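Single-structure report; data block below.
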Amino acid sequence: MRTSDEIYHQVRWDPRFDPARFVLGISQRRDAVKRIPLPSFVPGGDIPWHRVMFIEADGEVVWDRTTGVDRIDASGAGRVRALQAHLSFVRVESAGALDVSPTARTALAWIPPAELWPPIQDIRWDYDPQIHRWPPHVNVLFGFVPESDFERAAPLLAAATAETPVFTARLDGVRTFQQRAYVTVWLDPAATGKAPWADLHRVLQQRFPRCRAHAKDFTPHLSLGQTRDPRRVTADCATRLDAMTATVWELVLLSRRGDGPMRPRATVALRSGDVRWLPALDPEAPGPEDTAWLSAITDR
């Protein structure tokens, strides 16, 4: 088993690896572990090497001090994408399905355009503890396959979305889900009919059969917050929100690394099946609570 500094320097200087996709697990007091992006670690700085407990790539542990795992060369995680032209459109087609276990660290979602964000985010600031982790979104598949499998997933996403027409979503009506300890309040993005969302979900789930939600039926929803007083919060949200419409013409492939927020990694266009990989983001890029988060996604 190699040392943590050997793995670190391999990631930094081996052209096969993308350092931005790696996270270090740093030991803290009372056995707590803090995850930090590998590019922010300073060799010889305040953190000694012996406090690096594990190294993750795309959410997968590739080196672990305690268990002796050292599989960075055997794993496909953290590799520079084979598609070097990150800003070029790629048409890919494939048949079949990807039989991979899902993770809650990734999602395939629709992200509303910037003009719809202000009233939604105004409410989420009041009620949603996940506002710093998630942008406003409607999940189509969550959890999704691990980020290390995104390139394998891309041809299947393209094949599925090429079969699906662009459609208009009307966001209107505040609903609730009962959770164990609280109630989730959400905005209905299928006010004019669930059919286009259901069709989109169906063709995608056929390609990713293990990415199934716990609920029996798929219910498209845009989360606004959590509460133990649903009557008051629902009434407040309904008062503050007018009906809105937007065109659903692309989905966004999201993942989070370490303790960071969900970030966009690629877009997938409906009707054409075009997959577009997005540039790597700096760890200090705007968070999902701000419309500047959308700057990573063009044509917004």
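Within each chain, counting starts at residue 1; across the structure tokens, chains are named A, B, ... in the order shown, with ligands numbered 1 upward in that order.
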
Legend entry - Long-range neighbours of segment 154-160 of chain A as an NGL selection string, 10 Å cut-off, only C-alpha atoms, 4 positions minimum in chain: :A and (90-98 or 108 or 149-150 or 164 or 200-208 or 251 or 253 or 266-277)

Put those residues in a file: N, CA, C and O atoms, as a compact mmCIF listing (two decimals), in the first residue's frame.
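Writing done, so here's again34.txt:
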```txt
# COMPACT_ATOMS: atom_id res chain seq x y z
N VAL A 90 -21.93 16.33 -28.57
CA VAL A 90 -21.60 14.97 -28.96
C VAL A 90 -22.89 14.20 -29.16
O VAL A 90 -23.76 14.19 -28.29
N ARG A 91 -23.03 13.55 -30.32
CA ARG A 91 -24.17 12.70 -30.56
C ARG A 91 -23.76 11.26 -30.31
O ARG A 91 -22.79 10.78 -30.90
N VAL A 92 -24.41 10.59 -29.40
CA VAL A 92 -24.08 9.21 -29.11
C VAL A 92 -25.36 8.40 -29.04
O VAL A 92 -26.39 8.87 -28.59
N GLU A 93 -25.29 7.18 -29.51
CA GLU A 93 -26.46 6.32 -29.48
C GLU A 93 -26.03 4.94 -29.03
O GLU A 93 -24.95 4.47 -29.31
N SER A 94 -26.87 4.31 -28.29
CA SER A 94 -26.59 2.96 -27.82
C SER A 94 -27.90 2.31 -27.45
O SER A 94 -28.92 2.97 -27.28
N ALA A 95 -27.87 1.01 -27.36
CA ALA A 95 -29.05 0.27 -26.91
C ALA A 95 -28.72 -0.37 -25.58
O ALA A 95 -27.58 -0.40 -25.14
N GLY A 96 -29.73 -0.89 -24.92
CA GLY A 96 -29.49 -1.60 -23.67
C GLY A 96 -29.70 -0.73 -22.46
O GLY A 96 -30.33 0.31 -22.52
N ALA A 97 -29.15 -1.21 -21.34
CA ALA A 97 -29.34 -0.53 -20.06
C ALA A 97 -28.06 -0.64 -19.25
O ALA A 97 -27.18 -1.46 -19.53
N LEU A 98 -27.95 0.21 -18.25
CA LEU A 98 -26.79 0.22 -17.36
C LEU A 98 -27.24 -0.28 -15.99
O LEU A 98 -27.98 0.40 -15.28
N LEU A 108 -30.30 13.14 -12.08
CA LEU A 108 -30.63 13.64 -13.41
C LEU A 108 -31.87 14.49 -13.23
O LEU A 108 -32.91 13.99 -12.81
N ASP A 149 -19.38 6.55 -13.43
CA ASP A 149 -20.07 5.85 -14.53
C ASP A 149 -20.78 6.81 -15.47
O ASP A 149 -21.53 6.36 -16.35
N PHE A 150 -20.58 8.11 -15.33
CA PHE A 150 -21.29 9.07 -16.19
C PHE A 150 -20.99 8.84 -17.67
O PHE A 150 -21.88 8.97 -18.52
N THR A 164 -37.75 11.62 -26.85
CA THR A 164 -38.66 12.40 -26.02
C THR A 164 -38.80 13.82 -26.55
O THR A 164 -37.81 14.53 -26.73
N LEU A 200 -41.13 10.86 -19.87
CA LEU A 200 -39.69 11.10 -19.77
C LEU A 200 -39.07 10.17 -18.73
O LEU A 200 -38.03 9.55 -18.97
N HIS A 201 -39.71 10.08 -17.58
CA HIS A 201 -39.21 9.22 -16.52
C HIS A 201 -39.19 7.75 -16.97
O HIS A 201 -38.24 7.01 -16.69
N ARG A 202 -40.22 7.33 -17.66
CA ARG A 202 -40.33 5.94 -18.09
C ARG A 202 -39.20 5.53 -19.03
O ARG A 202 -38.56 4.49 -18.84
N VAL A 203 -38.94 6.36 -20.06
CA VAL A 203 -37.90 5.98 -21.03
C VAL A 203 -36.52 6.00 -20.39
O VAL A 203 -35.64 5.20 -20.77
N LEU A 204 -36.31 6.88 -19.43
CA LEU A 204 -35.01 6.92 -18.75
C LEU A 204 -34.85 5.75 -17.79
O LEU A 204 -33.77 5.15 -17.70
N GLN A 205 -35.90 5.41 -17.09
CA GLN A 205 -35.79 4.30 -16.14
C GLN A 205 -35.58 2.97 -16.85
O GLN A 205 -34.95 2.05 -16.30
N GLN A 206 -36.06 2.85 -18.07
CA GLN A 206 -35.79 1.65 -18.84
C GLN A 206 -34.30 1.48 -19.10
O GLN A 206 -33.80 0.35 -19.16
N ARG A 207 -33.58 2.59 -19.24
CA ARG A 207 -32.13 2.55 -19.47
C ARG A 207 -31.34 2.37 -18.18
O ARG A 207 -30.21 1.89 -18.20
N PHE A 208 -31.94 2.79 -17.06
CA PHE A 208 -31.26 2.72 -15.76
C PHE A 208 -32.21 2.05 -14.76
O PHE A 208 -32.79 2.71 -13.88
N LEU A 251 -32.08 18.24 -19.75
CA LEU A 251 -31.87 17.79 -18.39
C LEU A 251 -30.40 18.03 -18.02
O LEU A 251 -29.55 18.16 -18.90
N LEU A 253 -27.12 16.70 -15.65
CA LEU A 253 -26.51 15.63 -14.88
C LEU A 253 -25.75 16.29 -13.73
O LEU A 253 -24.84 17.08 -13.94
N ALA A 266 -22.96 17.77 -16.94
CA ALA A 266 -23.30 17.65 -18.36
C ALA A 266 -24.77 18.01 -18.55
O ALA A 266 -25.55 17.97 -17.59
N THR A 267 -25.13 18.36 -19.77
CA THR A 267 -26.53 18.57 -20.12
C THR A 267 -26.91 17.57 -21.20
O THR A 267 -26.07 17.13 -22.00
N VAL A 268 -28.19 17.21 -21.21
CA VAL A 268 -28.71 16.25 -22.19
C VAL A 268 -29.96 16.87 -22.80
O VAL A 268 -30.92 17.19 -22.09
N ALA A 269 -29.95 17.08 -24.11
CA ALA A 269 -31.05 17.77 -24.79
C ALA A 269 -32.15 16.79 -25.17
O ALA A 269 -31.88 15.72 -25.73
N LEU A 270 -33.40 17.17 -24.89
CA LEU A 270 -34.53 16.39 -25.37
C LEU A 270 -34.65 16.56 -26.89
O LEU A 270 -34.19 17.53 -27.46
N ARG A 271 -35.27 15.58 -27.50
CA ARG A 271 -35.56 15.55 -28.93
C ARG A 271 -34.34 15.24 -29.78
O ARG A 271 -34.43 14.48 -30.74
N SER A 272 -33.16 15.78 -29.43
CA SER A 272 -31.97 15.51 -30.24
C SER A 272 -31.05 14.47 -29.60
O SER A 272 -30.30 13.78 -30.30
N GLY A 273 -31.10 14.35 -28.26
CA GLY A 273 -30.19 13.44 -27.57
C GLY A 273 -28.77 13.95 -27.47
O GLY A 273 -27.86 13.18 -27.12
N ASP A 274 -28.53 15.23 -27.75
CA ASP A 274 -27.18 15.78 -27.64
C ASP A 274 -26.72 15.81 -26.19
O ASP A 274 -27.43 16.33 -25.32
N VAL A 275 -25.52 15.29 -25.94
CA VAL A 275 -24.91 15.31 -24.62
C VAL A 275 -23.77 16.31 -24.65
O VAL A 275 -22.91 16.27 -25.54
N ARG A 276 -23.76 17.21 -23.67
CA ARG A 276 -22.72 18.23 -23.63
C ARG A 276 -22.03 18.20 -22.27
O ARG A 276 -22.66 18.47 -21.26
N TRP A 277 -20.75 17.88 -22.28
CA TRP A 277 -19.97 17.89 -21.04
C TRP A 277 -19.61 19.32 -20.70
O TRP A 277 -19.27 20.11 -21.58
```

Leaving out segment 126-132 of chain A and any residue of its chain fewer than 6 positions from it, which residues lie within 6 Å of it when counting only C-alpha atoms, given as a short mmCIF file (atom, residue, chain, number, x, y, z; two decimals) with N, CA and C atoms, in the first residue's frame?
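This is the output file part38.cif:
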```
data_model
loop_
_atom_site.label_atom_id
_atom_site.label_comp_id
_atom_site.auth_asym_id
_atom_site.auth_seq_id
_atom_site.Cartn_x
_atom_site.Cartn_y
_atom_site.Cartn_z
N GLY A 225 -39.37 23.31 0.68
CA GLY A 225 -38.90 23.33 2.06
C GLY A 225 -39.49 22.21 2.90
N GLN A 226 -39.16 22.25 4.18
CA GLN A 226 -39.62 21.26 5.14
C GLN A 226 -40.22 21.97 6.34
N PRO A 288 -25.45 26.82 -5.25
CA PRO A 288 -26.75 26.66 -5.91
C PRO A 288 -27.85 27.54 -5.35
N GLU A 289 -27.57 28.32 -4.32
CA GLU A 289 -28.59 29.25 -3.82
C GLU A 289 -28.66 30.51 -4.68
#
```

Inset, instruction - Identify, with DSSP run on backbone atoms, the residues in segment 114-255 of chain A assigned to strand (DSSP E), and express the list as a ChimeraX atom specification. - result: /A:138-141,167-171,174-178,183-187,222-227,244-248,250-255

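Closest to Arg79 of chain A among A:Arg133, A:Arg12, A:Arg30, A:Arg35 is A:Arg12, based on only C-alpha atoms.
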
Legend entry - Residue nearest Leu222 of chain A among A:Leu24, A:Ala296, A:Leu187, A:Met53 (counting only C-alpha atoms):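 The answer is A:Leu187, which sits nearest to Leu222 of chain A.
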
Inset, instruction - Counting only C-alpha atoms, figure out which residue out of A:Phe17, A:Phe22, A:Trp186, A:Phe142 gets nearest to Pro39 of chain A. - result: A:Phe22

Legend entry - Long-range neighbours of Arg263 of chain A as a ChimeraX atom specification, 10 Å cut-off, only C-alpha atoms, 5 positions minimum in chain: /A:106,133-135,252-257,280-281,283,285-288,293-294,296

Inset, instruction - With a distance cut-off of 12 Å and only C-alpha atoms, select the neighbouring residues of Asp70 of chain A, excluding the residue or stretch itself and same-chain residues fewer than 4 positions from it, and output the selection as a VMD selection string. - result: chain A and resid 1 to 4 6 to 7 54 to 56 60 to 66 74 to 75

Inset, instruction - Do a neighbour search on Gly44 of chain A at 12 Å with only C-alpha atoms, toss out local chain neighbours closer than 5 positions, and write the hits as JSON, numbers by chain. - result: {"A": [5, 49, 50]}

Using the selection just defined, write its residues with N, CA, C and O atoms as an mmCIF file, in the first residue's frame.
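Wrote again_11.cif, looks like this:
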```cif
data_model
loop_
_atom_site.group_PDB
_atom_site.id
_atom_site.type_symbol
_atom_site.label_atom_id
_atom_site.label_comp_id
_atom_site.auth_asym_id
_atom_site.auth_seq_id
_atom_site.Cartn_x
_atom_site.Cartn_y
_atom_site.Cartn_z
ATOM 1 N N ASP A 5 0.786 10.711 0.514
ATOM 2 C CA ASP A 5 1.469 11.731 -0.287
ATOM 3 C C ASP A 5 1.828 11.195 -1.675
ATOM 4 O O ASP A 5 1.810 11.946 -2.659
ATOM 5 N N TRP A 49 0.503 14.715 6.662
ATOM 6 C CA TRP A 49 0.050 13.610 5.822
ATOM 7 C C TRP A 49 -0.667 12.526 6.616
ATOM 8 O O TRP A 49 -1.594 11.890 6.094
ATOM 9 N N HIS A 50 -0.253 12.280 7.866
ATOM 10 C CA HIS A 50 -0.863 11.173 8.610
ATOM 11 C C HIS A 50 -2.335 11.415 8.948
ATOM 12 O O HIS A 50 -3.042 10.497 9.342
#
```

Legend entry - One-decimal distance in Å that lies between atom CA of Asp172 of chain A and atom CA of Phe218 of chain A: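 About the pair atom CA of Phe218 of chain A and atom CA of Asp172 of chain A: they are 17.9 Å apart.
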
Inset, instruction - Could you jot down the atom CA of Ser101 of chain A to atom CA of Val23 of chain A separation for me, Å, one decimal place? - result: 21.3 Å

Inset, instruction - Could you please determine the separation between atom CA of Met244 of chain A and atom CA of Arg105 of chain A in Å, to one decimal place? - result: 28.9 Å

Inset, instruction - Measuring atom to atom with only C-alpha atoms, identify which of A:Pro113, A:Pro136, A:Pro189, A:Pro118 is nearest to Trp249 of chain A. - result: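 Going through A:Pro113, A:Pro136, A:Pro189, A:Pro118 one by one, the smallest distance to Trp249 of chain A is for A:Pro113.
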
Legend entry - Distance criterion (only C-alpha atoms): nearest to Arg180 of chain A out of A:Ser295, A:Asn139, A:Thr227, A:Thr219: A:Thr227

Legend entry - Among the residues A:Ala153, A:Leu38, A:Leu224, A:Leu171, the one that comes closest to Gly193 of chain A [using only C-alpha atoms]: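 Looking only at the distances to Gly193 of chain A, the closest residue turns out to be A:Leu171.
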
Legend entry - Neighbour list for Ile36 of chain A as a list in words, cut-off 8 Å, only C-alpha atoms, skip fewer than 5 positions in-chain: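 Counting only the stated atoms, we get Val23, Leu24, Gly25, Ile26, Phe41, Gly258 and Asp259 of chain A.
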